[in-house]
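Source file: start36.txt; contents: compact mmCIF, C-alpha atoms and all ligand atoms.
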```txt
# COMPACT_ATOMS: atom_id res chain seq x y z
CA MET A 106 61.34 -27.18 -34.01
CA HIS A 107 57.80 -27.06 -35.42
CA LYS A 108 55.19 -26.04 -32.88
CA LEU A 109 51.83 -27.70 -32.40
CA GLU A 110 49.99 -24.53 -33.40
CA GLU A 111 51.48 -24.89 -36.92
CA LEU A 112 49.51 -28.13 -37.28
CA ASP A 113 45.92 -28.38 -38.53
CA PRO A 114 44.95 -31.84 -37.25
CA ARG A 115 41.40 -31.82 -38.64
CA GLU A 116 40.51 -35.28 -40.02
CA LYS A 117 44.11 -36.42 -39.64
CA LYS A 118 45.54 -39.52 -38.01
CA VAL A 119 48.06 -38.29 -35.47
CA LEU A 120 50.74 -40.28 -33.67
CA VAL A 121 51.54 -38.87 -30.24
CA ARG A 122 54.65 -40.07 -28.42
CA VAL A 123 54.09 -39.41 -24.71
CA ASP A 124 56.31 -39.97 -21.69
CA TRP A 125 54.10 -41.94 -19.35
CA ASN A 126 57.09 -43.68 -17.80
CA VAL A 127 55.80 -43.22 -14.27
CA THR A 128 56.91 -44.86 -11.05
CA ILE A 129 54.51 -47.68 -10.21
CA GLY A 130 54.18 -48.26 -6.44
CA LYS A 131 53.99 -51.57 -4.59
CA THR A 132 50.25 -51.98 -5.07
CA LEU A 133 50.47 -50.80 -8.67
CA GLN A 134 49.19 -47.34 -7.87
CA ILE A 135 50.85 -44.60 -9.81
CA VAL A 136 53.15 -42.82 -7.41
CA ASP A 137 53.50 -39.64 -9.37
CA ASP A 138 51.23 -38.80 -12.30
CA THR A 139 52.87 -35.50 -13.30
CA ARG A 140 54.16 -37.02 -16.54
CA ILE A 141 50.66 -38.12 -17.50
CA ARG A 142 48.96 -34.86 -16.48
CA ARG A 143 51.35 -32.75 -18.49
CA THR A 144 50.46 -34.51 -21.76
CA ILE A 145 46.71 -33.97 -21.39
CA PRO A 146 46.61 -30.40 -22.83
CA THR A 147 48.11 -31.64 -26.11
CA LEU A 148 45.69 -34.57 -26.31
CA ARG A 149 42.74 -32.24 -25.61
CA TRP A 150 44.03 -29.71 -28.14
CA LEU A 151 44.04 -32.39 -30.84
CA LYS A 152 40.59 -33.64 -29.85
CA THR A 153 38.92 -30.22 -29.89
CA ARG A 154 40.39 -29.53 -33.32
CA GLY A 155 38.71 -32.53 -34.89
CA VAL A 156 41.54 -35.03 -35.18
CA ARG A 157 40.40 -38.26 -36.86
CA GLN A 158 42.43 -40.69 -34.77
CA VAL A 159 45.10 -40.39 -32.09
CA THR A 160 47.59 -43.23 -31.61
CA ILE A 161 49.42 -42.96 -28.31
CA LEU A 162 52.94 -44.38 -28.11
CA ALA A 163 54.79 -44.77 -24.80
CA HIS A 164 57.19 -46.95 -22.87
CA LEU A 165 57.45 -48.11 -19.28
CA GLY A 166 60.45 -49.18 -17.25
CA LYS A 167 63.77 -50.46 -18.45
CA THR A 168 64.39 -52.60 -21.52
CA GLY A 169 64.09 -56.27 -20.55
CA GLU A 170 61.71 -55.65 -17.65
CA GLU A 171 58.69 -55.64 -19.97
CA GLN A 172 56.09 -54.10 -17.71
CA SER A 173 52.67 -53.58 -19.26
CA LEU A 174 51.31 -50.09 -19.83
CA MET A 175 47.72 -51.28 -19.46
CA GLU A 176 47.23 -49.86 -15.94
CA VAL A 177 48.75 -46.58 -17.03
CA ALA A 178 46.38 -46.40 -20.00
CA ARG A 179 43.39 -46.98 -17.71
CA TYR A 180 44.61 -44.21 -15.42
CA ALA A 181 45.30 -41.82 -18.29
CA GLU A 182 41.89 -42.24 -19.88
CA LYS A 183 40.31 -40.96 -16.66
CA LEU A 184 42.46 -37.84 -16.73
CA PHE A 185 41.83 -37.37 -20.46
CA GLY A 186 38.12 -38.07 -20.16
CA GLN A 187 38.17 -40.16 -23.32
CA PRO A 188 38.36 -43.96 -23.77
CA ILE A 189 41.77 -45.25 -24.86
CA LYS A 190 41.65 -48.54 -26.75
CA PHE A 191 44.70 -50.49 -25.63
CA TRP A 192 46.37 -53.00 -27.97
CA GLN A 193 49.02 -55.52 -27.03
CA THR A 194 50.23 -56.39 -30.50
CA LEU A 195 51.37 -54.16 -33.32
CA GLU A 196 49.09 -55.97 -35.79
CA GLN A 197 45.99 -55.36 -33.65
CA CYS A 198 46.89 -51.75 -33.17
CA GLN A 199 47.60 -51.19 -36.86
CA SER A 200 44.30 -52.69 -37.97
CA ASP A 201 42.19 -50.58 -35.55
CA THR A 202 40.92 -47.76 -37.75
CA GLU A 203 37.77 -47.16 -35.67
CA SER A 204 38.87 -46.00 -32.22
CA ARG A 205 39.16 -42.24 -31.74
CA VAL A 206 42.08 -42.87 -29.40
CA LYS A 207 44.17 -46.03 -29.36
CA MET A 208 47.39 -46.98 -27.68
CA LEU A 209 50.09 -49.56 -28.26
CA GLU A 210 51.69 -51.65 -25.48
CA ASN A 211 55.08 -50.66 -24.02
CA LEU A 212 57.32 -49.81 -26.98
CA ARG A 213 60.32 -51.37 -25.28
CA MET A 214 58.77 -54.79 -25.83
CA TRP A 215 59.94 -54.40 -29.44
CA GLU A 216 63.66 -54.56 -30.06
CA GLY A 217 63.40 -52.06 -32.89
CA GLU A 218 62.51 -49.22 -30.51
CA ASP A 219 65.82 -48.78 -28.69
CA LYS A 220 67.82 -49.76 -31.77
CA ASN A 221 65.90 -47.29 -33.93
CA GLU A 222 65.38 -49.94 -36.60
CA PRO A 223 63.99 -48.31 -39.76
CA GLY A 224 61.54 -51.21 -40.23
CA PHE A 225 60.04 -50.66 -36.80
CA ALA A 226 59.80 -46.90 -37.29
CA GLU A 227 57.97 -47.57 -40.57
CA GLN A 228 55.49 -49.89 -38.85
CA LEU A 229 54.74 -47.21 -36.27
CA ALA A 230 54.60 -44.43 -38.84
CA SER A 231 52.07 -46.42 -40.90
CA MET A 232 49.48 -45.68 -38.20
CA GLY A 233 49.53 -41.91 -38.69
CA GLU A 234 49.92 -39.00 -41.08
CA VAL A 235 51.63 -36.63 -38.67
CA TYR A 236 53.70 -37.07 -35.53
CA VAL A 237 53.68 -35.11 -32.28
CA ASN A 238 56.46 -35.48 -29.71
CA GLU A 239 55.04 -34.88 -26.22
CA ALA A 240 57.71 -36.97 -24.48
CA PHE A 241 60.26 -34.48 -23.19
CA GLY A 242 61.69 -37.06 -20.76
CA GLU A 243 62.63 -39.30 -23.71
CA ALA A 244 63.78 -36.65 -26.18
CA HIS A 245 67.43 -37.39 -25.40
CA ARG A 246 67.15 -40.95 -26.76
CA GLU A 247 67.66 -41.84 -30.40
CA SER A 248 64.89 -44.42 -30.45
CA ALA A 249 62.50 -45.27 -33.28
CA SER A 250 59.56 -43.45 -31.70
CA ILE A 251 61.63 -40.31 -31.02
CA VAL A 252 63.88 -39.82 -34.06
CA GLY A 253 62.80 -42.59 -36.48
CA ILE A 254 59.15 -41.60 -37.01
CA PRO A 255 59.76 -37.87 -37.68
CA GLN A 256 62.08 -38.87 -40.54
CA LEU A 257 59.02 -40.43 -42.16
CA LEU A 258 56.22 -38.06 -41.10
CA PRO A 259 55.97 -34.30 -40.44
CA GLY A 260 56.83 -33.80 -36.77
CA TYR A 261 55.60 -31.23 -34.23
CA ALA A 262 56.48 -30.41 -30.61
CA GLY A 263 53.77 -30.99 -28.03
CA ILE A 264 52.70 -28.11 -25.76
CA ASN A 265 54.59 -29.44 -22.74
CA LEU A 266 57.74 -30.35 -24.65
CA GLU A 267 57.94 -26.87 -26.09
CA GLN A 268 57.49 -25.24 -22.70
CA GLU A 269 60.09 -27.46 -21.05
CA VAL A 270 62.67 -26.68 -23.70
CA ALA A 271 62.04 -22.93 -23.51
CA THR A 272 62.15 -22.80 -19.70
CA ILE A 273 65.27 -24.91 -19.32
CA ARG A 274 67.14 -23.00 -22.03
CA LYS A 275 66.29 -19.77 -20.28
CA VAL A 276 67.46 -20.75 -16.81
CA VAL A 277 70.72 -22.07 -18.18
CA ASP A 278 71.58 -19.44 -20.79
CA ASN A 279 70.23 -16.43 -19.04
CA PRO A 280 69.62 -17.14 -15.34
CA GLU A 281 69.19 -14.56 -12.65
CA ARG A 282 72.26 -15.03 -10.50
CA PRO A 283 73.35 -16.52 -8.21
CA LEU A 284 72.48 -19.79 -9.91
CA VAL A 285 72.62 -22.72 -7.46
CA VAL A 286 72.59 -26.19 -9.02
CA ILE A 287 71.86 -29.21 -6.79
CA MET A 288 72.73 -32.64 -8.11
CA GLY A 289 72.13 -36.01 -6.47
CA GLY A 290 70.72 -39.41 -7.32
CA ALA A 291 72.36 -42.55 -8.54
CA LYS A 292 72.96 -42.40 -12.29
CA VAL A 293 76.53 -41.67 -11.47
CA ASP A 294 78.24 -42.24 -14.81
CA ASP A 295 75.71 -40.06 -16.67
CA LYS A 296 75.85 -37.31 -14.11
CA ILE A 297 79.55 -37.13 -13.37
CA LYS A 298 80.21 -35.82 -16.91
CA LEU A 299 77.57 -33.20 -16.43
CA LEU A 300 78.97 -31.99 -13.14
CA ASP A 301 81.97 -30.54 -14.88
CA MET A 302 79.85 -28.65 -17.34
CA MET A 303 77.66 -27.41 -14.49
CA SER A 304 80.73 -26.17 -12.69
CA HIS A 305 81.09 -23.67 -15.56
CA LYS A 306 77.45 -22.52 -15.63
CA ALA A 307 76.51 -22.40 -11.95
CA ASP A 308 77.74 -20.07 -9.23
CA VAL A 309 77.34 -22.79 -6.61
CA LEU A 310 77.15 -26.55 -7.14
CA LEU A 311 75.74 -28.65 -4.30
CA ILE A 312 76.43 -32.38 -4.68
CA GLY A 313 74.54 -35.03 -2.70
CA GLY A 314 73.17 -38.57 -3.02
CA LYS A 315 75.15 -41.50 -4.32
CA LEU A 316 76.66 -39.08 -6.80
CA ALA A 317 78.50 -37.32 -3.97
CA ASN A 318 79.83 -40.63 -2.64
CA GLU A 319 81.38 -41.49 -6.02
CA PHE A 320 82.54 -37.96 -6.58
CA GLY A 321 84.51 -38.11 -3.37
CA GLN A 322 85.73 -41.70 -3.73
CA ARG A 323 87.04 -41.11 -7.24
CA GLY A 324 88.62 -37.83 -6.22
CA ILE A 325 87.10 -35.99 -9.17
CA GLU A 326 88.17 -32.41 -9.83
CA LEU A 327 85.98 -29.97 -11.73
CA THR A 328 87.34 -27.35 -14.08
CA GLY A 329 84.72 -24.59 -13.72
CA LYS A 330 84.65 -21.62 -11.39
CA ALA A 331 81.58 -22.64 -9.36
CA LYS A 332 81.87 -23.07 -5.62
CA ILE A 333 81.62 -26.84 -5.07
CA VAL A 334 79.91 -28.06 -1.89
CA VAL A 335 79.94 -31.77 -0.93
CA PRO A 336 78.59 -33.53 2.19
CA VAL A 337 80.73 -32.94 5.26
CA GLU A 338 79.80 -36.32 6.74
CA GLY A 339 81.87 -38.36 4.29
CA TYR A 340 81.61 -40.46 1.13
CA ASP A 341 79.69 -43.58 2.13
CA LEU A 342 76.35 -42.02 3.02
CA LEU A 343 72.81 -43.23 2.52
CA ASP A 344 71.64 -39.63 3.02
CA ILE A 345 73.19 -36.23 3.65
CA GLY A 346 73.46 -35.43 7.36
CA GLU A 347 72.04 -32.52 9.33
CA GLU A 348 75.14 -30.39 9.05
CA THR A 349 75.19 -30.73 5.25
CA GLN A 350 71.45 -30.04 5.14
CA GLN A 351 72.09 -26.74 6.92
CA ILE A 352 74.96 -25.80 4.59
CA PHE A 353 72.85 -26.63 1.51
CA HIS A 354 69.95 -24.66 2.99
CA ASP A 355 72.12 -21.57 3.47
CA GLU A 356 73.42 -21.73 -0.11
CA ILE A 357 69.92 -22.19 -1.51
CA ALA A 358 68.69 -19.22 0.55
CA GLN A 359 71.06 -16.91 -1.39
CA ALA A 360 69.98 -18.08 -4.85
CA LYS A 361 67.96 -16.24 -7.48
CA THR A 362 67.75 -19.37 -9.63
CA VAL A 363 67.86 -23.00 -8.46
CA ILE A 364 68.07 -26.14 -10.61
CA TRP A 365 67.70 -29.47 -8.78
CA ASN A 366 67.99 -33.03 -10.03
CA GLY A 367 68.45 -36.20 -7.98
CA PRO A 368 67.44 -37.24 -4.45
CA MET A 369 69.91 -36.59 -1.65
CA GLY A 370 69.55 -40.13 -0.23
CA LYS A 371 68.18 -43.63 -0.70
CA VAL A 372 64.59 -42.43 -0.51
CA GLU A 373 62.93 -45.81 -1.12
CA GLU A 374 64.40 -47.04 2.15
CA ASP A 375 63.25 -43.95 4.03
CA TYR A 376 66.51 -42.05 3.86
CA ARG A 377 64.42 -39.02 2.97
CA ALA A 378 65.46 -36.31 5.43
CA GLY A 379 68.08 -34.75 3.14
CA THR A 380 65.77 -34.63 0.14
CA GLN A 381 63.04 -33.13 2.28
CA ALA A 382 65.41 -30.51 3.68
CA VAL A 383 66.46 -29.46 0.18
CA TYR A 384 62.83 -29.27 -0.88
CA GLU A 385 62.00 -27.08 2.12
CA ALA A 386 64.94 -24.79 1.43
CA LEU A 387 63.70 -24.36 -2.14
CA ILE A 388 60.17 -23.38 -1.23
CA ARG A 389 61.37 -21.12 1.56
CA ASN A 390 63.34 -19.02 -0.93
CA LYS A 391 60.49 -17.05 -2.47
CA ARG A 392 62.71 -14.79 -4.59
CA ALA A 393 64.29 -17.63 -6.53
CA PHE A 394 62.99 -19.20 -9.72
CA THR A 395 63.11 -22.92 -8.90
CA VAL A 396 63.35 -25.75 -11.42
CA VAL A 397 63.21 -29.41 -10.39
CA GLY A 398 63.49 -32.48 -12.64
CA GLY A 399 63.97 -36.23 -12.51
CA GLY A 400 61.58 -39.15 -12.18
CA ASP A 401 62.84 -40.25 -8.78
CA THR A 402 63.24 -36.69 -7.51
CA LEU A 403 59.61 -35.91 -8.31
CA ALA A 404 58.37 -39.20 -6.86
CA ALA A 405 60.26 -38.38 -3.66
CA ILE A 406 58.96 -34.85 -3.20
CA ARG A 407 55.50 -35.62 -4.50
CA GLU A 408 54.75 -37.04 -1.08
CA GLU A 409 55.13 -33.56 0.32
CA LYS A 410 52.01 -32.74 -1.72
CA GLN A 411 53.43 -29.35 -2.50
CA LEU A 412 54.89 -29.78 -5.94
CA GLU A 413 52.91 -26.67 -6.95
CA ARG A 414 55.23 -24.55 -4.89
CA ILE A 415 58.11 -25.28 -7.26
CA ASP A 416 58.13 -22.74 -10.11
CA PHE A 417 58.85 -25.25 -12.82
CA VAL A 418 58.69 -29.03 -12.57
CA SER A 419 60.47 -30.71 -15.47
CA THR A 420 59.23 -34.16 -16.45
CA GLY A 421 62.70 -35.15 -17.62
CA GLY A 422 65.74 -36.10 -15.57
CA GLY A 423 68.29 -37.32 -18.09
CA ALA A 424 66.68 -35.23 -20.82
CA MET A 425 66.81 -32.08 -18.71
CA LEU A 426 70.48 -32.62 -17.94
CA LYS A 427 71.41 -33.38 -21.56
CA LEU A 428 69.52 -30.33 -22.75
CA ILE A 429 71.44 -28.21 -20.26
CA GLU A 430 74.70 -29.76 -21.43
CA ARG A 431 74.17 -29.56 -25.19
CA GLY A 432 71.50 -26.90 -25.69
CA THR A 433 69.49 -29.34 -27.81
CA LEU A 434 68.37 -33.00 -27.95
CA PRO A 435 68.02 -35.58 -30.76
CA GLY A 436 64.23 -35.51 -30.37
CA ILE A 437 64.22 -31.71 -30.80
CA GLU A 438 66.49 -31.82 -33.85
CA ALA A 439 64.19 -34.44 -35.39
CA LEU A 440 61.33 -31.88 -35.41
CA ARG A 441 63.06 -29.48 -37.80
P1 LIG A 501 66.34 -38.95 -10.99
O1 LIG A 501 65.44 -40.06 -11.49
O2 LIG A 501 65.61 -37.97 -10.14
O3 LIG A 501 67.15 -38.32 -12.08
P2 LIG A 501 68.35 -40.87 -10.29
O4 LIG A 501 67.65 -41.88 -11.11
O5 LIG A 501 69.70 -40.42 -10.74
O6 LIG A 501 67.41 -39.61 -10.02
O7 LIG A 501 68.59 -41.42 -8.81
C1 LIG A 501 67.54 -41.86 -7.99
C2 LIG A 501 68.01 -42.98 -7.10
O8 LIG A 501 69.16 -42.58 -6.37
C3 LIG A 501 67.00 -43.39 -6.07
O9 LIG A 501 66.64 -44.73 -6.32
C4 LIG A 501 67.74 -43.24 -4.73
O10 LIG A 501 67.46 -44.28 -3.84
C5 LIG A 501 69.17 -43.30 -5.17
N1 LIG A 501 70.10 -42.70 -4.21
C6 LIG A 501 70.27 -41.41 -3.95
N2 LIG A 501 71.22 -41.22 -3.00
C7 LIG A 501 71.65 -42.45 -2.64
C8 LIG A 501 72.62 -42.95 -1.72
N3 LIG A 501 73.32 -42.12 -0.96
N4 LIG A 501 72.80 -44.29 -1.65
C9 LIG A 501 72.08 -45.12 -2.42
N5 LIG A 501 71.16 -44.72 -3.30
C10 LIG A 501 70.93 -43.41 -3.42
MG MG A 502 65.75 -42.05 -11.99
```

Just give me the structure as C-alpha cells.
Amino acid sequence: MHKLEELDPREKKVLVRVDWNVTIGKTLQIVDDTRIRRTIPTLRWLKTRGVRQVTILAHLGKTGEEQSLMEVARYAEKLFGQPIKFWQTLEQCQSDTESRVKMLENLRMWEGEDKNEPGFAEQLASMGEVYVNEAFGEAHRESASIVGIPQLLPGYAGINLEQEVATIRKVVDNPERPLVVIMGGAKVDDKIKLLDMMSHKADVLLIGGKLANEFGQRGIELTGKAKIVVPVEGYDLLDIGEETQQIFHDEIAQAKTVIWNGPMGKVEEDYRAGTQAVYEALIRNKRAFTVVGGGDTLAAIREEKQLERIDFVSTGGGAMLKLIERGTLPGIEALR
C-alpha cells in the first residue's frame, strides 16, 4: 500500500475517493460527521502542497435510493474551509478544469460504480493524474471508484485510511488480552459469518442486537474457543435487557482490548438503553484500548457527545469487519 507521503502532488490533478456516507437526520442535518471530519487532514495536506485540482468522489445511501450529496458537500466545504464546486453530471464535472476543488454527485447514481465497469472507471480516471483512497468504510467493495481507478492511475492511501488499517490490524493480530469483542446490529447475514472467525480471535464474544436474535433462532454454533455470551432475556428482543447489560458490563470491565460493532437494540425507535450501557462500560474501563466502528453504532453513541473517550473510532463497519476477517481489503490491494 503506497502512503500519501510518497506522493508529490504539486501541480497535479488528484482524485480523492472519500467516504462521506453519513446518516442524514429527519431535517436533513448530518447526524454524525465523523466520516467527513476524518478526511479533512488529507484534503488539507494536498492543498498545502500545491495540488492543481482535487476531484472529490463519494457516494450516499444505498443503490437505488439516489440521495443527493449536495447538502453533504455544502457541509464539508465549511469543515475544509475551501469552496467545493458540486456537479450533478459527469460531463459537467469532467469539463470543469478551473475549480481548485470539485465534486461529483453520488457515484451510485451511475450503474458502472457498483458493477466496476471499466468504461466508468475510465471516465472517472480521466479527471485526474493520481488517485487517493480516503474511504476506509468503502475499501471492502470492488467498485469502480475503489478498485477500478487505481488500475488506471497511481494510487495512494489517505492519512485516515492508513491509520485505520494499522490500528485494526494491531488490535486483531496482537491485542493485549483479554480481548472482548461485542457484536450487534442488523446486517445479520454479513455478520454471522464473521462471528465464527471472531470466536477464534477473541477471548470473550458478546452478541446483542438483531444479530443475537437470529443467532439464537437459527441455533448457530461457533467453532472457536471464545466464551460466547448472548442475551439472557431471549431471542425476540428489540434491545438487550438490564440483566444482560450487567453481564456485558462485567465482561467489558475485565478487558484489556475491546472491539465493538453494531447497536444492541433498535436505536431509531428509542431502544437505546442497551447500546448506552455498553458505551458506558467501555468508557469506564480505563485500562482497555477500545475500538468502535459502524455507521449506525457511531450515530447511536454520537448523541452521548463523548465519542472522544473511545480510543479509536473506525469509520467503517463492514470494512472493519472484513479487514479483521481477511487481514486485507480489495481497496488496500488496489494500492500496491
Ligand atoms: P453498523 O452500521 O453499526 O455496522 P448495522 O448496520 O449492522 O450496524 O445495524 C444497525 C441497525 O440494527 C440499526 O438500524 C438498529 O435499529 C438495528 N437493530 C439493532 N438491534 C436490533 C433489534 N434487536 N431489532 C431490530 N433492529 C435492531
Ligand atoms: Mg449500518

Worksheet item: Which residue gives the smallest distance to Lys152 in chain A among A:Lys315, A:Arg205, A:His164, A:Lys131, with all atoms listed in the file counted?
Response: A:Arg205

Worksheet, complete the sentence: From CA of Ile429 in chain A to CA of Val277 in chain A the spacing works out at 6.5 Å

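With all atoms listed in the file as the atoms that count, the minimum distance from Leu133 in chain A to the choices A:Lys108, A:Leu174, A:Ala163, A:Gln350 is reached by A:Leu174.
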
Give the residues close to ligand MG 502 (chain A), within 9 Å, counting only C-alpha atoms and all ligand atoms; write them as an mmCIF file with C-alpha atoms, keeping the file's coordinate frame.
```cif
data_model
loop_
_atom_site.group_PDB
_atom_site.id
_atom_site.type_symbol
_atom_site.label_atom_id
_atom_site.label_comp_id
_atom_site.auth_asym_id
_atom_site.auth_seq_id
_atom_site.Cartn_x
_atom_site.Cartn_y
_atom_site.Cartn_z
ATOM 1 C CA GLY A 290 70.720 -39.410 -7.320
ATOM 2 C CA ALA A 291 72.360 -42.550 -8.540
ATOM 3 C CA LYS A 292 72.960 -42.400 -12.290
ATOM 4 C CA GLY A 367 68.450 -36.200 -7.980
ATOM 5 C CA GLY A 399 63.970 -36.230 -12.510
ATOM 6 C CA GLY A 400 61.580 -39.150 -12.180
ATOM 7 C CA ASP A 401 62.840 -40.250 -8.780
ATOM 8 C CA THR A 402 63.240 -36.690 -7.510
ATOM 9 C CA GLY A 422 65.740 -36.100 -15.570
ATOM 10 C CA GLY A 423 68.290 -37.320 -18.090
#
```

May I have the centre and edge lengths, in Å to one decimal, of an axis-aligned box around the listed atoms of range 159-168 of chain A with 4 Å added to every side, as lines of an AutoDock Vina configuration file?
```
center_x = 54.7
center_y = -46.5
center_z = -24.7
size_x = 27.3
size_y = 20.2
size_z = 22.8
```

Worksheet item: If you count all atoms listed in the file, which residues end up within 9 Å of ligand LIG 501 (chain A), as a ChimeraX atom specification?
Response: /A:288-293,295-296,313-318,340-345,365-376,397-405,421-423,426

Item to complete: Quick one: everything within 7 Å of range 231-235 of chain A, counting all atoms listed in the file, minus sequence neighbours fewer than 3 positions away in the same chain. Send it as a PyMOL selection string.
Response: chain A and resi 117-120+199+227-228+258-260

Worksheet item: Distance CA of Arg140 in chain A-CA of Glu356 in chain A, one decimal place?
Response: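 It comes out at 29.6 Å.
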
Item to complete: Go ahead and compute the interatomic distance for CA of Ser173 in chain A and CA of Thr128 in chain A, in Å to one decimal.
Response: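 Spanning CA of Ser173 in chain A to CA of Thr128 in chain A is a straight-line distance of 12.7 Å.
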
Item to complete: Take the point (69.7, -26.4, 3.8) in the file's coordinates, draw a sphere of radius 9 Å around it, and report as a list in words every protein, DNA or RNA residue with an atom inside or on it, counting all atoms listed in the file.
Response: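 Returned residue set, sorted by chain then number, is Glu347, Glu348, Thr349, Gln350, Gln351, Ile352, Phe353, His354, Asp355, Glu356, Ile357, Ala358, Gly379, Ala382, Val383, Tyr384, Glu385, Ala386 and Leu387 of chain A.
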
Worksheet item: So which residues touch Phe417 in chain A within 12 Å, counting all atoms listed in the file, skipping near sequence neighbours fewer than 2 positions away, as a PyMOL selection string?
Response: chain A and resi 139+265+268-273+275-276+362-365+387-388+393-398+403+412-415+419-421

Practice prompt. Please provide as a ChimeraX atom specification all residues within 9 Å of Phe191 in chain A, with the sequence filter that same-chain residues fewer than 6 positions apart are discarded (counting all atoms listed in the file).
Written response: /A:174-175,178-179,198,206-210

Worksheet entry | Test item: residues at most 8 Å from Leu266 in chain A, all atoms listed in the file, excluding those fewer than 6 positions along its chain, as an MDAnalysis selection string | chainID A and resid 238:241

Hey, can you spit out that residue selection with C-alpha atoms as a PDB file, in the frame of the given file?
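Dumped everything to selection_15.pdb:
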```pdb
ATOM      1  CA  ASN A 238      56.460 -35.480 -29.710  1.00  0.00           C
ATOM      2  CA  GLU A 239      55.040 -34.880 -26.220  1.00  0.00           C
ATOM      3  CA  ALA A 240      57.710 -36.970 -24.480  1.00  0.00           C
ATOM      4  CA  PHE A 241      60.260 -34.480 -23.190  1.00  0.00           C
TER       5      PHE A 241
END
```

Discussion item. I'd like to know which of A:Leu148, A:Ala378, A:Val237, A:Val285 is closest to Lys332 in chain A, using only C-alpha atoms.
Written reply: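 Smallest distance to Lys332 in chain A is found for A:Val285.
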
Discussion item. Counting all atoms listed in the file, which residue out of A:Asp219, A:Glu430, A:Glu176, A:Glu247 sits closest to Met303 in chain A?
Written reply: A:Glu430

Worksheet item: Which residues, written as a PyMOL selection string, have at least one atom at most 10 Å from Asp138 in chain A, with all atoms listed in the file counted and residues fewer than 6 positions away on the same chain left out?
Response: chain A and resi 125-129+177+180-181+184+403-404+407

Worksheet entry | Residue list as a list of chain:residue names for point (54.1, -42.3, -29.1), cut-off 7 Å, all atoms listed in the file |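 Here is the list of nearby residues: A:Leu120, A:Val121, A:Arg122, A:Val123, A:Ile161, A:Leu162, A:Ala163, A:Ser250.
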